[in-house]
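Presented below is the structure to which this report refers.
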Amino acid sequence: MSEFKVTIIGGGPGGYETAIRLNQYGIECLLIEEERVGGVCLNRGCIPTKALVKSAELYYEMSSASNYGLPSYKPELDYEQVFNRKNAIVEQLVNGIELIFRKRNIPILKDRAITISLENDKYLIQTAKGEQIETQYVVIATGSLPKSLPNIAIDEVNILSSTGMLNLSTLPESLAIVGGGVIGCEFASIMNSFGVQTSIIEFLPRILPSEDEEISKRLTVALKKAGIKIYTSTAVENIKEIAQRQQLSLSNGSTLTVDKVLLSVGRIPNCNLDWNQMELETEHNA
């Protein structure tokens, strides 16, 4: 059995930053992370998405050279190279964090915590591989997962989460994005810039429903001007696969047929730990 002052479960920005700061204060700690450090942000979220944003932005500007008084130019898109560049950026940043951990001798346990119990004023953590850790304090930094809908299951093949979208090494000809929040709108802009026929279906009356209404209006105009179709106050009732394409039945009575579907309807907490007769207090079910 190993013993630490603080044990952090989850190696995303919340977890690895906490571990580094504790180490700076001379506090002994352990980080438990099943995959690589960096979490969703570095591996499957912010960083790879922004790498695609830069490539899409540059491709669009090069394609619009004549608008800037430059000779007309139609660049040839090599999405495989865009994909590889995105992965290389992720790899470089994750390697950098892992190097910090090695230099500071901060231990990382590549495992999954499954149970936490309180024994003699200390916490006992058991992992999937049978490790036992005794610790005085526990930091839960397990992040979140993409949310699905009751009638639509994410398979990461044809119906994708943001993770599956980032793992596509080839572009579809057409894409329907279910959910017009920040993630949905960002991917819509990226894919449209790369020449993918893109549609957004939003259940609420406007896209970016949690943002300021003026921002929502301005973005709606910009996205429509770019050629993105936007359906608001519209629900997706079901999705059927027909001839290797996805047919979406919409609540307005119409259908939309595309190659791929991105389900972008929010995220839910990723915390499936067994608390062993303890209760975890949450706010707003999160």
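Identifiers in this document derive from the order of the structure tokens: chains are assigned A, B, ..., residues are numbered from 1 separately in each chain, and ligands are numbered from 1 in order of occurrence.
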Would you mind writing down, as a PyMOL selection string, each residue of range 20-166 of chain A that DSSP on the backbone assigns to alpha helix (DSSP H)?
chain A and resi 20-24+39-44+46-63+79-103+162-166
Using only C-alpha atoms, please write the residues we just selected to a file, as a compact mmCIF listing (two decimals), in the first residue's frame.
# COMPACT_ATOMS: atom_id res chain seq x y z
CA ILE A 20 2.51 20.96 -9.87
CA ARG A 21 1.46 23.65 -7.40
CA LEU A 22 1.46 21.23 -4.46
CA ASN A 23 4.93 20.09 -5.48
CA GLN A 24 6.10 23.72 -5.55
CA GLY A 39 -7.25 15.67 -20.01
CA VAL A 40 -9.89 16.69 -22.53
CA CYS A 41 -8.45 20.19 -22.96
CA LEU A 42 -5.04 19.18 -24.29
CA ASN A 43 -5.87 15.82 -25.85
CA ARG A 44 -9.45 16.03 -27.16
CA CYS A 46 -9.31 23.12 -26.69
CA ILE A 47 -5.82 22.55 -28.10
CA PRO A 48 -6.60 20.25 -31.07
CA THR A 49 -9.68 22.33 -31.91
CA LYS A 50 -7.69 25.58 -31.97
CA ALA A 51 -5.09 23.90 -34.19
CA LEU A 52 -7.89 23.15 -36.67
CA VAL A 53 -9.20 26.72 -36.30
CA LYS A 54 -5.83 28.11 -37.38
CA SER A 55 -5.60 25.81 -40.40
CA ALA A 56 -9.21 26.56 -41.41
CA GLU A 57 -8.67 30.30 -41.02
CA LEU A 58 -5.52 30.26 -43.15
CA TYR A 59 -7.12 28.06 -45.82
CA TYR A 60 -10.13 30.36 -46.03
CA GLU A 61 -7.98 33.49 -46.34
CA MET A 62 -5.79 31.91 -49.01
CA SER A 63 -8.93 30.93 -50.93
CA TYR A 79 -6.57 17.40 -44.64
CA GLU A 80 -4.31 14.50 -43.72
CA GLN A 81 -1.51 17.02 -43.20
CA VAL A 82 -3.87 19.28 -41.20
CA PHE A 83 -4.81 16.26 -39.08
CA ASN A 84 -1.16 15.30 -38.50
CA ARG A 85 -0.24 18.88 -37.58
CA LYS A 86 -3.03 18.93 -35.01
CA ASN A 87 -1.78 15.68 -33.47
CA ALA A 88 1.83 16.91 -33.43
CA ILE A 89 0.82 20.04 -31.49
CA VAL A 90 -1.07 17.94 -28.95
CA GLU A 91 1.88 15.55 -28.61
CA GLN A 92 4.34 18.41 -28.06
CA LEU A 93 2.28 20.02 -25.30
CA VAL A 94 1.49 16.75 -23.51
CA ASN A 95 5.16 15.77 -23.67
CA GLY A 96 5.99 19.13 -22.09
CA ILE A 97 3.72 18.50 -19.12
CA GLU A 98 5.04 14.97 -18.67
CA LEU A 99 8.58 16.38 -18.70
CA ILE A 100 7.68 18.79 -15.89
CA PHE A 101 6.36 15.87 -13.85
CA ARG A 102 9.55 13.87 -14.42
CA LYS A 103 11.82 16.79 -13.53
CA SER A 162 -16.45 16.31 -30.31
CA THR A 163 -13.85 13.61 -29.56
CA GLY A 164 -14.91 11.57 -32.57
CA MET A 165 -14.96 14.69 -34.72
CA LEU A 166 -11.34 15.43 -33.84
Please provide as a list in words all residues within 12 Å of Tyr231 in chain A, with the sequence filter that same-chain residues fewer than 5 positions apart are discarded (counting only C-alpha atoms).
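Here the qualifying residues turn out to be Ala176, Ile177, Val178, Gly179, Gly180, Thr198, Ser199, Ile200, Ile201, Glu202, Phe203, Leu204, Pro205, Arg206, Ile207, Thr220, Leu223, Lys224, Val236, Leu250, Ser251, Asn252, Ser254, Thr255 and Leu256 of chain A.
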Expressed in Å to a single decimal, how great is the separation between CA of Thr115 in chain A and CA of Leu273 in chain A?
5.6 Å
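Nearest residue to Val6 in chain A among A:Arg36, A:Gln132, A:Tyr137, A:Ile106 is A:Tyr137, counting only C-alpha atoms.
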Could you make a table, as CSV, of the residues of range 12-111 of chain A that have an atom within 12 Å of an atom of range 142-158 of chain A, each with its nearest atom pair and distance in Å to one decimal, counting only C-alpha atoms, in chain and number order?
residue,atom,partner,partner_atom,distance
A:Gly12,CA,A:Gly143,CA,7.2
A:Pro13,CA,A:Gly143,CA,9.2
A:Gly14,CA,A:Gly143,CA,8.3
A:Gly15,CA,A:Thr142,CA,8.0
A:Tyr16,CA,A:Thr142,CA,11.2
A:Leu31,CA,A:Thr142,CA,11.3
A:Ile32,CA,A:Thr142,CA,9.9
A:Glu33,CA,A:Thr142,CA,8.9
A:Glu34,CA,A:Thr142,CA,10.5
A:Glu35,CA,A:Thr142,CA,11.7
A:Val37,CA,A:Thr142,CA,11.6
A:Gly38,CA,A:Gly143,CA,11.0
A:Gly39,CA,A:Gly143,CA,7.7
A:Val40,CA,A:Gly143,CA,7.7
A:Cys41,CA,A:Gly143,CA,9.7
A:Arg44,CA,A:Leu145,CA,10.9
A:Gly45,CA,A:Pro146,CA,11.0
With only C-alpha atoms as the counted atoms, please give the residues lying no more than 8 Å from Leu30 in chain A, apart from itself and same-chain residues fewer than 4 positions off, as a PyMOL selection string.
chain A and resi 4+6-8+19+106-109
Out of A:Ser210, A:Ser264, A:Ser169, A:Asn67, which residue has the shortest atom-to-atom distance to Gly184 in chain A when counting only C-alpha atoms?
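Closest to Gly184 in chain A of all the choices is A:Ser264.
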